[in-house]
file model_3.cif (mmCIF, C-alpha atoms)
data_upload
#
loop_
_atom_site.label_atom_id
_atom_site.label_comp_id
_atom_site.auth_asym_id
_atom_site.auth_seq_id
_atom_site.Cartn_x
_atom_site.Cartn_y
_atom_site.Cartn_z
CA MET A 1 30.19 8.18 21.94
CA ILE A 2 31.92 8.83 18.62
CA LYS A 3 29.20 6.71 16.99
CA LYS A 4 26.50 9.02 18.35
CA ILE A 5 28.31 12.12 17.07
CA LEU A 6 28.66 10.50 13.63
CA ILE A 7 24.94 9.65 13.56
CA ILE A 8 23.94 13.17 14.55
CA GLY A 9 26.34 14.62 11.97
CA LEU A 10 24.89 12.42 9.22
CA LEU A 11 21.32 13.32 10.19
CA ALA A 12 22.24 17.02 10.20
CA GLY A 13 23.78 16.64 6.72
CA VAL A 14 20.70 14.91 5.32
CA GLY A 15 18.54 17.52 7.03
CA LEU A 16 20.55 20.27 5.35
CA ILE A 17 19.99 18.62 1.94
CA PHE A 18 16.25 18.44 2.66
CA PHE A 19 16.24 22.09 3.79
CA ASN A 20 17.83 23.14 0.50
CA LEU A 21 15.29 21.04 -1.42
CA LEU A 22 12.53 22.76 0.53
CA GLN A 23 13.85 26.17 -0.58
CA VAL A 24 13.11 25.44 -4.25
CA TYR A 25 9.78 23.74 -3.56
CA HIS A 26 6.67 25.78 -4.18
CA VAL A 27 3.06 24.71 -4.43
CA PRO A 28 2.02 25.02 -8.08
CA THR A 29 -1.36 26.52 -8.91
CA GLU A 30 -1.93 24.50 -12.07
CA LEU A 31 -0.93 21.15 -13.47
CA ASN A 32 2.20 21.86 -15.47
CA ASN A 33 3.61 18.34 -15.70
CA LYS A 34 3.01 17.45 -19.37
CA LEU A 35 2.65 13.70 -18.81
CA GLY A 36 0.26 14.17 -15.88
CA ALA A 37 -1.79 16.64 -17.90
CA TYR A 38 -1.99 14.17 -20.80
CA TYR A 39 -3.19 11.39 -18.50
CA ALA A 40 -5.71 13.66 -16.77
CA GLU A 41 -7.12 14.86 -20.08
CA ASN A 42 -7.32 11.56 -21.93
CA ALA A 43 -7.90 8.88 -19.30
CA ALA A 44 -11.69 9.34 -19.41
CA THR A 45 -11.98 9.11 -23.21
CA GLN A 46 -9.17 6.68 -24.05
CA VAL A 47 -9.46 4.21 -21.16
CA GLY A 48 -12.93 5.04 -19.85
CA ALA A 49 -11.93 4.69 -16.19
CA ALA A 50 -13.16 7.21 -13.63
CA ASN A 51 -10.12 6.59 -11.45
CA ILE A 52 -7.17 8.05 -13.35
CA ILE A 53 -4.68 6.22 -11.12
CA SER A 54 -6.18 2.87 -12.14
CA ALA A 55 -6.01 3.91 -15.79
CA ILE A 56 -2.30 4.69 -15.41
CA VAL A 57 -1.42 1.66 -13.29
CA VAL A 58 -3.30 -0.97 -15.30
CA THR A 59 -3.37 0.40 -18.85
CA TYR A 60 -0.84 3.14 -19.63
CA ARG A 61 1.83 1.64 -17.37
CA GLY A 62 0.41 -1.88 -17.24
CA PHE A 63 3.73 -3.49 -18.03
CA ASP A 64 5.23 -1.99 -14.86
CA THR A 65 2.36 -3.51 -12.88
CA LEU A 66 3.17 -6.91 -14.36
CA GLY A 67 6.72 -6.46 -13.04
CA GLU A 68 5.37 -5.31 -9.67
CA VAL A 69 3.21 -8.42 -9.32
CA THR A 70 6.25 -10.50 -10.29
CA ILE A 71 8.32 -8.86 -7.54
CA LEU A 72 5.62 -9.65 -4.99
CA PHE A 73 5.53 -13.26 -6.25
CA LEU A 74 9.33 -13.46 -5.96
CA ALA A 75 9.21 -12.11 -2.40
CA ALA A 76 6.57 -14.72 -1.49
CA SER A 77 8.57 -17.58 -3.01
CA ILE A 78 11.85 -16.48 -1.38
CA ILE A 79 10.04 -16.33 1.97
CA SER A 80 8.73 -19.89 1.57
CA PHE A 81 12.22 -20.98 0.52
CA VAL A 82 13.99 -19.32 3.48
CA LEU A 83 11.46 -20.56 6.03
CA LYS A 84 11.32 -24.11 4.68
CA VAL A 85 10.68 -26.59 7.50
CA ARG A 86 11.45 -30.29 7.16
CA LYS A 87 8.60 -32.64 8.01
CA GLU A 88 10.50 -34.35 10.84
CA ASP A 89 11.19 -31.01 12.54
CA ILE A 90 7.53 -30.25 12.98
CA VAL A 91 6.09 -30.33 16.48
CA SER A 92 2.50 -31.39 15.97
CA ASP A 93 1.31 -30.72 19.50
CA ARG A 94 2.78 -27.28 20.15
CA PHE A 95 1.11 -25.89 23.24
CA THR A 96 -0.88 -22.73 22.66
CA SER A 97 -3.07 -21.19 25.30
CA PRO A 98 -6.74 -21.26 24.21
CA ASN A 99 -8.07 -18.16 22.54
CA SER A 100 -10.81 -16.04 24.04
CA GLU A 101 -14.28 -17.03 22.88
CA ILE A 102 -15.00 -13.43 21.91
CA LEU A 103 -12.20 -13.59 19.29
CA ILE A 104 -13.24 -17.01 17.99
CA TYR A 105 -16.95 -16.32 17.57
CA SER A 106 -16.69 -12.72 16.42
CA SER A 107 -14.09 -13.69 13.82
CA GLN A 108 -16.61 -16.11 12.33
CA ILE A 109 -18.93 -13.17 11.74
CA ILE A 110 -16.33 -10.61 10.70
CA VAL A 111 -14.15 -12.68 8.32
CA PRO A 112 -16.83 -13.05 5.58
CA VAL A 113 -17.50 -9.31 5.82
CA ILE A 114 -13.78 -8.57 5.43
CA PHE A 115 -13.61 -10.81 2.35
CA LEU A 116 -16.68 -9.05 0.93
CA VAL A 117 -15.11 -5.61 1.48
CA GLY A 118 -11.90 -6.78 -0.19
CA ILE A 119 -13.80 -8.08 -3.21
CA TYR A 120 -15.84 -4.86 -3.35
CA ILE A 121 -12.64 -2.79 -3.34
CA PHE A 122 -11.07 -4.59 -6.27
CA ILE A 123 -14.23 -4.89 -8.32
CA ASN A 124 -14.73 -1.11 -8.04
CA GLY A 125 -11.06 -0.34 -8.64
CA HIS A 126 -11.77 1.60 -11.82
CA LEU A 127 -14.42 3.82 -10.19
CA THR A 128 -13.42 4.52 -6.60
CA PRO A 129 -10.16 4.81 -4.66
CA GLY A 130 -8.74 1.33 -4.35
CA GLY A 131 -7.91 -1.48 -6.69
CA GLY A 132 -6.33 -4.89 -6.92
CA PHE A 133 -3.45 -4.40 -4.50
CA GLN A 134 -5.56 -2.78 -1.78
CA GLY A 135 -8.35 -5.36 -2.12
CA GLY A 136 -5.83 -8.19 -2.01
CA ALA A 137 -4.30 -6.78 1.16
CA VAL A 138 -7.75 -6.58 2.78
CA ILE A 139 -8.44 -10.23 1.87
CA ALA A 140 -5.08 -11.26 3.36
CA SER A 141 -5.98 -9.39 6.56
CA GLY A 142 -9.11 -11.55 6.74
CA VAL A 143 -6.93 -14.65 6.46
CA LEU A 144 -4.72 -13.22 9.23
CA LEU A 145 -7.76 -12.82 11.51
CA MET A 146 -8.72 -16.45 10.83
CA MET A 147 -5.22 -17.56 11.83
CA LEU A 148 -5.34 -15.46 15.01
CA ALA A 149 -8.62 -17.08 16.00
CA ASN A 150 -7.41 -20.57 15.18
CA PRO A 151 -3.59 -20.82 15.39
CA SER A 152 -3.48 -24.44 14.19
CA MET A 153 -5.10 -23.51 10.87
CA LYS A 154 -3.01 -24.18 7.78
CA VAL A 155 -3.29 -22.16 4.59
CA SER A 156 -3.84 -24.73 1.85
CA HIS A 157 -0.82 -24.68 -0.46
CA ASN A 158 -2.72 -26.22 -3.34
CA LEU A 159 -5.52 -23.64 -3.20
CA VAL A 160 -3.08 -20.72 -2.96
CA ALA A 161 -0.92 -22.03 -5.80
CA PHE A 162 -4.01 -22.66 -7.93
CA VAL A 163 -5.52 -19.18 -7.43
CA GLU A 164 -2.15 -17.51 -7.88
CA SER A 165 -1.11 -19.28 -11.06
CA ILE A 166 -4.56 -19.06 -12.68
CA SER A 167 -4.82 -15.32 -12.05
CA GLY A 168 -1.23 -14.70 -13.13
CA ILE A 169 -1.81 -16.56 -16.40
CA ALA A 170 -5.12 -14.74 -16.92
CA PHE A 171 -3.37 -11.37 -16.43
CA VAL A 172 -0.84 -12.18 -19.17
CA VAL A 173 -3.51 -13.68 -21.46
CA LEU A 174 -5.61 -10.50 -21.16
CA GLY A 175 -2.49 -8.48 -21.98
CA VAL A 176 -1.78 -10.57 -25.08
CA LEU A 177 -5.46 -10.29 -26.14
CA GLY A 178 -5.00 -6.52 -26.00
CA LEU A 179 -1.93 -6.91 -28.23
CA VAL A 180 -3.85 -9.02 -30.77
CA LEU A 181 -7.29 -7.38 -30.79
CA ALA A 182 -6.47 -3.74 -29.89
CA GLY A 183 -3.57 -1.31 -29.83
CA GLY A 184 -0.91 -2.97 -27.71
CA PHE A 185 0.05 -5.12 -24.74
CA LEU A 186 -2.52 -4.71 -21.91
CA ASP A 187 -4.68 -2.40 -24.03
CA ASN A 188 -8.14 -2.61 -22.47
CA ARG A 189 -10.15 -1.57 -25.54
CA PHE A 190 -10.81 -5.04 -26.97
CA LEU A 191 -13.94 -5.05 -24.79
CA PRO A 192 -16.45 -2.19 -25.24
CA LEU A 193 -15.65 0.83 -23.07
CA GLY A 194 -19.27 1.11 -21.94
CA GLU A 195 -20.86 4.09 -20.25
CA PHE A 196 -18.44 6.25 -18.27
CA GLY A 197 -18.71 5.82 -14.50
CA THR A 198 -20.72 2.60 -14.42
CA MET A 199 -19.67 -0.81 -13.17
CA LEU A 200 -19.30 -2.38 -16.64
CA SER A 201 -17.05 0.27 -18.12
CA ALA A 202 -13.39 0.74 -18.97
CA GLY A 203 -13.18 -2.37 -21.14
CA ALA A 204 -10.94 -5.09 -19.72
CA LEU A 205 -9.57 -2.94 -16.87
CA PRO A 206 -11.91 -4.30 -14.13
CA LEU A 207 -11.17 -7.87 -15.25
CA ILE A 208 -7.42 -7.29 -15.01
CA TYR A 209 -7.83 -5.67 -11.59
CA ILE A 210 -9.90 -8.62 -10.32
CA PHE A 211 -7.11 -11.01 -11.30
CA ILE A 212 -4.47 -8.73 -9.72
CA GLY A 213 -6.55 -8.65 -6.54
CA LEU A 214 -6.89 -12.44 -6.38
CA LYS A 215 -3.17 -12.88 -7.06
CA VAL A 216 -2.07 -10.36 -4.42
CA GLY A 217 -4.52 -11.79 -1.87
CA ALA A 218 -3.21 -15.33 -2.47
CA GLU A 219 0.43 -14.21 -2.28
CA LEU A 220 0.02 -12.26 0.96
CA SER A 221 -1.99 -15.11 2.54
CA ASN A 222 0.80 -17.45 1.51
CA ILE A 223 3.39 -15.23 3.26
CA ILE A 224 1.29 -15.12 6.44
CA GLY A 225 0.69 -18.88 6.30
CA THR A 226 4.39 -19.65 5.82
CA ILE A 227 5.46 -17.49 8.76
CA SER A 228 2.76 -19.00 10.98
CA TYR A 229 3.60 -22.60 9.98
CA ASN A 230 7.29 -21.94 10.68
CA GLN A 231 6.49 -21.42 14.36
CA ASN A 232 5.79 -25.14 14.68
CA GLU A 233 9.47 -25.89 14.05
CA LYS A 234 11.22 -27.72 16.85
CA ASN A 235 13.56 -25.56 18.89
CA SER A 236 16.83 -27.46 18.53
CA MET B 1 -0.92 22.59 2.85
CA GLY B 2 1.72 21.36 0.42
CA TYR B 3 4.47 22.64 2.72
CA ILE B 4 3.06 20.84 5.77
CA ILE B 5 2.95 17.54 3.92
CA ILE B 6 6.43 17.78 2.42
CA ILE B 7 7.96 18.81 5.79
CA THR B 8 6.20 15.85 7.46
CA GLY B 9 7.64 13.56 4.82
CA PHE B 10 11.18 14.85 5.32
CA LEU B 11 10.85 14.51 9.10
CA LEU B 12 9.65 10.91 8.70
CA VAL B 13 12.67 10.16 6.52
CA LEU B 14 14.99 11.60 9.20
CA ILE B 15 13.25 9.65 12.00
CA GLY B 16 13.53 6.44 9.99
CA LEU B 17 17.22 7.05 9.27
CA TRP B 18 17.86 7.71 12.96
CA GLY B 19 16.08 4.46 13.84
CA ILE B 20 18.14 2.46 11.33
CA LEU B 21 21.43 3.88 12.58
CA SER B 22 20.95 4.00 16.34
CA GLN B 23 18.74 1.05 17.31
CA LYS B 24 20.18 -2.29 18.39
CA ASN B 25 17.11 -4.50 17.99
CA LEU B 26 16.61 -5.99 14.51
CA ILE B 27 12.82 -5.49 14.60
CA LYS B 28 13.30 -1.82 15.45
CA ILE B 29 15.76 -1.40 12.58
CA ILE B 30 13.18 -2.91 10.21
CA LEU B 31 10.55 -0.53 11.60
CA GLY B 32 13.01 2.29 10.88
CA PHE B 33 13.16 1.12 7.26
CA THR B 34 9.37 1.15 6.93
CA ILE B 35 9.15 4.66 8.44
CA PHE B 36 11.83 5.80 5.97
CA ASP B 37 9.74 4.25 3.18
CA THR B 38 6.57 6.01 4.30
CA GLY B 39 8.38 9.34 4.49
CA ILE B 40 9.60 9.05 0.91
CA ASN B 41 6.09 8.12 -0.26
CA VAL B 42 4.64 11.18 1.51
CA VAL B 43 7.25 13.43 -0.13
CA MET B 44 6.46 11.99 -3.57
CA VAL B 45 2.71 12.53 -3.15
CA SER B 46 3.25 16.10 -1.93
CA ILE B 47 5.34 16.92 -5.02
CA GLY B 48 2.30 16.17 -7.17
CA TYR B 49 0.04 18.45 -5.13
CA VAL B 50 -1.58 21.33 -6.99
CA LYS B 51 -3.16 24.12 -4.98
CA GLY B 52 -6.92 23.76 -4.54
CA LYS B 53 -7.28 20.65 -6.72
CA THR B 54 -8.81 17.32 -5.73
CA ALA B 55 -7.95 13.62 -6.04
CA PRO B 56 -7.64 12.28 -9.62
CA ILE B 57 -10.94 10.41 -9.54
CA LEU B 58 -13.51 11.81 -11.95
CA ASP B 59 -17.27 11.80 -12.17
CA ILE B 60 -19.44 12.60 -15.18
CA ILE B 61 -19.36 16.36 -14.52
CA SER B 62 -15.64 16.76 -13.91
CA ALA B 63 -14.66 14.35 -16.72
CA LYS B 64 -15.30 17.05 -19.33
CA ASP B 65 -12.80 19.37 -17.68
CA ALA B 66 -10.47 17.01 -15.88
CA LEU B 67 -7.37 19.15 -16.35
CA LYS B 68 -8.82 21.95 -14.20
CA SER B 69 -9.92 19.81 -11.25
CA VAL B 70 -7.26 17.20 -10.42
CA VAL B 71 -3.77 17.03 -8.95
CA ASP B 72 -0.88 15.37 -10.78
CA PRO B 73 -1.76 11.64 -11.08
CA VAL B 74 1.73 10.41 -12.03
CA PRO B 75 3.40 10.58 -8.55
CA GLN B 76 0.37 8.88 -7.02
CA ALA B 77 0.57 5.98 -9.47
CA LEU B 78 4.30 5.68 -8.74
CA VAL B 79 3.64 5.68 -4.98
CA LEU B 80 1.13 2.84 -5.43
CA THR B 81 3.94 0.78 -6.96
CA SER B 82 6.42 1.87 -4.31
CA ILE B 83 4.10 0.89 -1.44
CA VAL B 84 3.72 -2.63 -2.82
CA ILE B 85 7.48 -3.03 -3.29
CA GLY B 86 8.03 -1.67 0.23
CA LEU B 87 5.61 -4.28 1.57
CA GLY B 88 7.53 -7.07 -0.14
CA VAL B 89 10.88 -5.76 1.11
CA SER B 90 9.75 -5.41 4.71
CA ALA B 91 8.19 -8.89 4.66
CA LEU B 92 11.52 -10.29 3.44
CA MET B 93 13.47 -8.40 6.13
CA LEU B 94 11.14 -9.68 8.86
CA VAL B 95 11.57 -13.24 7.62
CA TYR B 96 15.36 -12.87 7.72
CA ALA B 97 15.00 -11.57 11.29
CA ILE B 98 12.99 -14.69 12.19
CA LYS B 99 15.68 -16.88 10.64
CA LEU B 100 18.51 -15.06 12.46
CA HIS B 101 16.64 -15.33 15.74
CA HIS B 102 16.20 -19.03 15.15
CA ASP B 103 19.94 -19.48 14.70
CA LYS B 104 21.29 -17.37 17.56
CA LYS B 105 18.27 -16.90 19.86
CA SER B 106 18.88 -13.17 19.86
CA LEU B 107 17.68 -10.09 18.02
CA ASP B 108 20.52 -7.82 19.13
CA ILE B 109 22.54 -6.60 16.17
CA ASN B 110 25.74 -6.73 18.25
CA ASN B 111 25.54 -10.54 18.38
CA PHE B 112 25.85 -10.87 14.61
CA LYS B 113 29.50 -10.20 13.87
CA ASP B 114 30.22 -13.00 11.40
CA LEU B 115 30.69 -10.67 8.46
CA LYS B 116 32.21 -7.75 10.37
CA TRP B 117 35.81 -6.84 9.59
#
call {"tool": "encode", "arguments": {"input": "model_3.cif", "output": "structure tokens"}}
result
Amino acid sequence: MIKKILIIGLLAGVGLIFFNLLQVYHVPTELNNKLGAYYAENAATQVGAANIISAIVVTYRGFDTLGEVTILFLAASIISFVLKVRKEDIVSDRFTSPNSEILIYSSQIIVPVIFLVGIYIFINGHLTPGGGFQGGAVIASGVLLMMLANPSMKVSHNLVAFVESISGIAFVVLGVLGLVLAGGFLDNRFLPLGEFGTMLSAGALPLIYIFIGLKVGAELSNIIGTISYNQNEKNS
Amino acid sequence: MGYIIIITGFLLVLIGLWGILSQKNLIKIILGFTIFDTGINVVMVSIGYVKGKTAPILDIISAKDALKSVVDPVPQALVLTSIVIGLGVSALMLVYAIKLHHDKKSLDINNFKDLKW
């Protein structure tokens, strides 16, 4: 009982803080954040990307994105470490009830389409809403559908590790190329900016986003695969 | 419009906090964390809202006068980062829940008293 009263009291206190925050909030009628105004004004000419968010995430604040990808990689490796299963604890013939044929056969049609959509999203990351992280998540959802249709499927560790390390190295190499050939780390202007709003524009930004997409897709598929493989562990 | 979004965000934060504090099931506590996360993201996006402006994605016409047509892009870029970190954190929490369930065959938080004093 006293616990409930404490919870309600805490929620009321936080609600009061939010209410006071709401009092000073008002909807502005023009962009008066200096940094945001700078990005909005110069993203098209300096970076050449139609999507200002992509310009900020990959170029202006590209170093933060490198850290973000690293955090995702760390999460994936800690998950594989925590859920490590010894070979002798694996039950090879775990009973699973057979899947419905509708799921199995429709997944064979839908999975390639999902992969295609994911690749489309990260290739067009500099033009349309979307980008590497979103495209990678879509690709991982395709892998998840494959595992639902065929529970005994194993995500190949070698393939995942290969894709992940190659794209991670390529991300850093592109950043260093920007440092050597253009203004600074992850500067995208060492490739021609091209015509604004077309596929081959914004210099190296689409390339970097493709590698981010592959890396995120591989990492998320690895997480899904580890959790699924862990279910084969013997119940001691 | 801005008010509706920011109030929704605050309500989501409160719902998530309630879920974290009052639920007994580990999975429900983790869901509370993700709702909390989403609420904070919604609040951050709503802070960058500018009345009558559109998403910060330009075309050839609006690129000449970008300042007059877009909302603040900085909170949106931050939220993109925050969503990805939130995904990693919730994946980790779920994996710990799996591991705890494997050890004690239970998801009830009351059965885990090893570190309670």
call {"tool": "residues_around", "arguments": {"input": "model_3.cif", "residues": "range 73-81 of chain B", "least_positions_apart": "3", "cutoff": "10 Å", "atoms": "all atoms listed in the file", "output": "PyMOL selection string"}}
result
(chain A and resi 31+33+35-37+39-40+51-58+61+64-65+67-69+133-134) or (chain B and resi 38+40-49+55-57+70+84-86)
call {"tool": "closest_residue", "arguments": {"input": "model_3.cif", "among": "B:Asp72, B:Asp37, B:Asp65, B:Asp114", "to": "Glu30 in chain A", "atoms": "only C-alpha atoms"}}
result
B:Asp72
call {"tool": "closest_residue", "arguments": {"input": "model_3.cif", "among": "A:Ser97, A:Asn20, A:Thr128, A:Asn222", "to": "chain B", "atoms": "only C-alpha atoms"}}
result
A:Thr128
call {"tool": "closest_residue", "arguments": {"input": "model_3.cif", "among": "B:Leu58, B:Gly19, B:Gly39, B:Leu31", "to": "Thr45 in chain A", "atoms": "only C-alpha atoms"}}
result
B:Leu58
call {"tool": "closest_residue", "arguments": {"input": "model_3.cif", "among": "A:Glu233, A:Glu41, A:Glu88, A:Glu219", "to": "chain B", "atoms": "all atoms listed in the file"}}
result
A:Glu41
call {"tool": "residues_around", "arguments": {"input": "model_3.cif", "residues": "Tyr25 in chain A", "least_positions_apart": "3", "cutoff": "9 Å", "atoms": "all atoms listed in the file", "output": "list of chain:residue names"}}
result
A:Leu21, A:Leu22, B:Tyr3, B:Ile47
call {"tool": "residues_around", "arguments": {"input": "model_3.cif", "residues": "range 9-17 of chain A", "least_positions_apart": "6", "cutoff": "12 Å", "atoms": "all atoms listed in the file", "output": "JSON, numbers by chain"}}
result
{"A": [2, 3, 23, 24], "B": [7, 9, 10, 11, 12, 13, 14, 15, 16, 17, 18, 19, 20, 21, 22]}
call {"tool": "closest_residue", "arguments": {"input": "model_3.cif", "among": "B:Val50, B:Ile4, B:Met93, B:Leu67", "to": "Lys28 in chain B", "atoms": "only C-alpha atoms"}}
result
B:Met93
call {"tool": "build_atoms", "arguments": {"input": "model_3.cif", "residues": "range 81-103 of chain B", "atoms": "N, CA, C and O atoms", "output": "PDB file, keeping the file's coordinate frame"}}
result
ATOM      1  N   THR B  81       2.925   1.804  -6.710  1.00  0.00           N
ATOM      2  CA  THR B  81       3.940   0.780  -6.960  1.00  0.00           C
ATOM      3  C   THR B  81       4.915   0.682  -5.804  1.00  0.00           C
ATOM      4  O   THR B  81       5.241  -0.405  -5.323  1.00  0.00           O
ATOM      5  N   SER B  82       5.375   1.848  -5.339  1.00  0.00           N
ATOM      6  CA  SER B  82       6.420   1.870  -4.310  1.00  0.00           C
ATOM      7  C   SER B  82       5.930   1.278  -2.990  1.00  0.00           C
ATOM      8  O   SER B  82       6.700   0.615  -2.287  1.00  0.00           O
ATOM      9  N   ILE B  83       4.631   1.473  -2.673  1.00  0.00           N
ATOM     10  CA  ILE B  83       4.100   0.890  -1.440  1.00  0.00           C
ATOM     11  C   ILE B  83       4.147  -0.638  -1.517  1.00  0.00           C
ATOM     12  O   ILE B  83       4.545  -1.322  -0.563  1.00  0.00           O
ATOM     13  N   VAL B  84       3.748  -1.169  -2.687  1.00  0.00           N
ATOM     14  CA  VAL B  84       3.720  -2.630  -2.820  1.00  0.00           C
ATOM     15  C   VAL B  84       5.131  -3.209  -2.712  1.00  0.00           C
ATOM     16  O   VAL B  84       5.364  -4.212  -2.022  1.00  0.00           O
ATOM     17  N   ILE B  85       6.104  -2.554  -3.388  1.00  0.00           N
ATOM     18  CA  ILE B  85       7.480  -3.030  -3.290  1.00  0.00           C
ATOM     19  C   ILE B  85       7.971  -2.936  -1.854  1.00  0.00           C
ATOM     20  O   ILE B  85       8.628  -3.845  -1.334  1.00  0.00           O
ATOM     21  N   GLY B  86       7.621  -1.826  -1.169  1.00  0.00           N
ATOM     22  CA  GLY B  86       8.030  -1.670   0.230  1.00  0.00           C
ATOM     23  C   GLY B  86       7.480  -2.775   1.106  1.00  0.00           C
ATOM     24  O   GLY B  86       8.179  -3.287   1.994  1.00  0.00           O
ATOM     25  N   LEU B  87       6.209  -3.166   0.819  1.00  0.00           N
ATOM     26  CA  LEU B  87       5.610  -4.280   1.570  1.00  0.00           C
ATOM     27  C   LEU B  87       6.408  -5.554   1.387  1.00  0.00           C
ATOM     28  O   LEU B  87       6.745  -6.242   2.361  1.00  0.00           O
ATOM     29  N   GLY B  88       6.759  -5.855   0.116  1.00  0.00           N
ATOM     30  CA  GLY B  88       7.530  -7.070  -0.140  1.00  0.00           C
ATOM     31  C   GLY B  88       8.876  -7.040   0.558  1.00  0.00           C
ATOM     32  O   GLY B  88       9.294  -8.024   1.174  1.00  0.00           O
ATOM     33  N   VAL B  89       9.551  -5.865   0.505  1.00  0.00           N
ATOM     34  CA  VAL B  89      10.880  -5.760   1.110  1.00  0.00           C
ATOM     35  C   VAL B  89      10.796  -5.918   2.617  1.00  0.00           C
ATOM     36  O   VAL B  89      11.599  -6.636   3.223  1.00  0.00           O
ATOM     37  N   SER B  90       9.784  -5.279   3.256  1.00  0.00           N
ATOM     38  CA  SER B  90       9.750  -5.410   4.710  1.00  0.00           C
ATOM     39  C   SER B  90       9.369  -6.814   5.133  1.00  0.00           C
ATOM     40  O   SER B  90       9.880  -7.307   6.149  1.00  0.00           O
ATOM     41  N   ALA B  91       8.500  -7.500   4.343  1.00  0.00           N
ATOM     42  CA  ALA B  91       8.190  -8.890   4.660  1.00  0.00           C
ATOM     43  C   ALA B  91       9.457  -9.752   4.604  1.00  0.00           C
ATOM     44  O   ALA B  91       9.711 -10.563   5.499  1.00  0.00           O
ATOM     45  N   LEU B  92      10.274  -9.519   3.555  1.00  0.00           N
ATOM     46  CA  LEU B  92      11.520 -10.290   3.440  1.00  0.00           C
ATOM     47  C   LEU B  92      12.438 -10.024   4.626  1.00  0.00           C
ATOM     48  O   LEU B  92      13.015 -10.944   5.198  1.00  0.00           O
ATOM     49  N   MET B  93      12.572  -8.725   5.011  1.00  0.00           N
ATOM     50  CA  MET B  93      13.470  -8.400   6.130  1.00  0.00           C
ATOM     51  C   MET B  93      12.997  -9.057   7.415  1.00  0.00           C
ATOM     52  O   MET B  93      13.803  -9.596   8.187  1.00  0.00           O
ATOM     53  N   LEU B  94      11.665  -9.053   7.643  1.00  0.00           N
ATOM     54  CA  LEU B  94      11.140  -9.680   8.860  1.00  0.00           C
ATOM     55  C   LEU B  94      11.429 -11.176   8.859  1.00  0.00           C
ATOM     56  O   LEU B  94      11.767 -11.753   9.909  1.00  0.00           O
ATOM     57  N   VAL B  95      11.304 -11.803   7.687  1.00  0.00           N
ATOM     58  CA  VAL B  95      11.570 -13.240   7.620  1.00  0.00           C
ATOM     59  C   VAL B  95      13.039 -13.533   7.913  1.00  0.00           C
ATOM     60  O   VAL B  95      13.367 -14.492   8.626  1.00  0.00           O
ATOM     61  N   TYR B  96      13.942 -12.684   7.397  1.00  0.00           N
ATOM     62  CA  TYR B  96      15.360 -12.870   7.720  1.00  0.00           C
ATOM     63  C   TYR B  96      15.585 -12.693   9.219  1.00  0.00           C
ATOM     64  O   TYR B  96      16.400 -13.427   9.813  1.00  0.00           O
ATOM     65  N   ALA B  97      14.856 -11.744   9.840  1.00  0.00           N
ATOM     66  CA  ALA B  97      15.000 -11.570  11.290  1.00  0.00           C
ATOM     67  C   ALA B  97      14.563 -12.819  12.029  1.00  0.00           C
ATOM     68  O   ALA B  97      15.216 -13.254  12.984  1.00  0.00           O
ATOM     69  N   ILE B  98      13.439 -13.433  11.564  1.00  0.00           N
ATOM     70  CA  ILE B  98      12.990 -14.690  12.190  1.00  0.00           C
ATOM     71  C   ILE B  98      14.076 -15.748  12.084  1.00  0.00           C
ATOM     72  O   ILE B  98      14.411 -16.436  13.051  1.00  0.00           O
ATOM     73  N   LYS B  99      14.668 -15.858  10.872  1.00  0.00           N
ATOM     74  CA  LYS B  99      15.680 -16.880  10.640  1.00  0.00           C
ATOM     75  C   LYS B  99      16.917 -16.632  11.524  1.00  0.00           C
ATOM     76  O   LYS B  99      17.463 -17.566  12.130  1.00  0.00           O
ATOM     77  N   LEU B 100      17.348 -15.372  11.620  1.00  0.00           N
ATOM     78  CA  LEU B 100      18.510 -15.060  12.460  1.00  0.00           C
ATOM     79  C   LEU B 100      18.218 -15.367  13.916  1.00  0.00           C
ATOM     80  O   LEU B 100      19.066 -15.909  14.638  1.00  0.00           O
ATOM     81  N   HIS B 101      16.993 -15.042  14.355  1.00  0.00           N
ATOM     82  CA  HIS B 101      16.640 -15.330  15.740  1.00  0.00           C
ATOM     83  C   HIS B 101      16.634 -16.823  15.994  1.00  0.00           C
ATOM     84  O   HIS B 101      17.010 -17.291  17.066  1.00  0.00           O
ATOM     85  N   HIS B 102      16.225 -17.585  14.992  1.00  0.00           N
ATOM     86  CA  HIS B 102      16.200 -19.030  15.150  1.00  0.00           C
ATOM     87  C   HIS B 102      17.607 -19.589  15.312  1.00  0.00           C
ATOM     88  O   HIS B 102      17.842 -20.553  16.047  1.00  0.00           O
ATOM     89  N   ASP B 103      18.568 -18.976  14.632  1.00  0.00           N
ATOM     90  CA  ASP B 103      19.940 -19.480  14.700  1.00  0.00           C
ATOM     91  C   ASP B 103      20.636 -19.097  15.997  1.00  0.00           C
ATOM     92  O   ASP B 103      21.335 -19.911  16.590  1.00  0.00           O
TER      93      ASP B 103
END
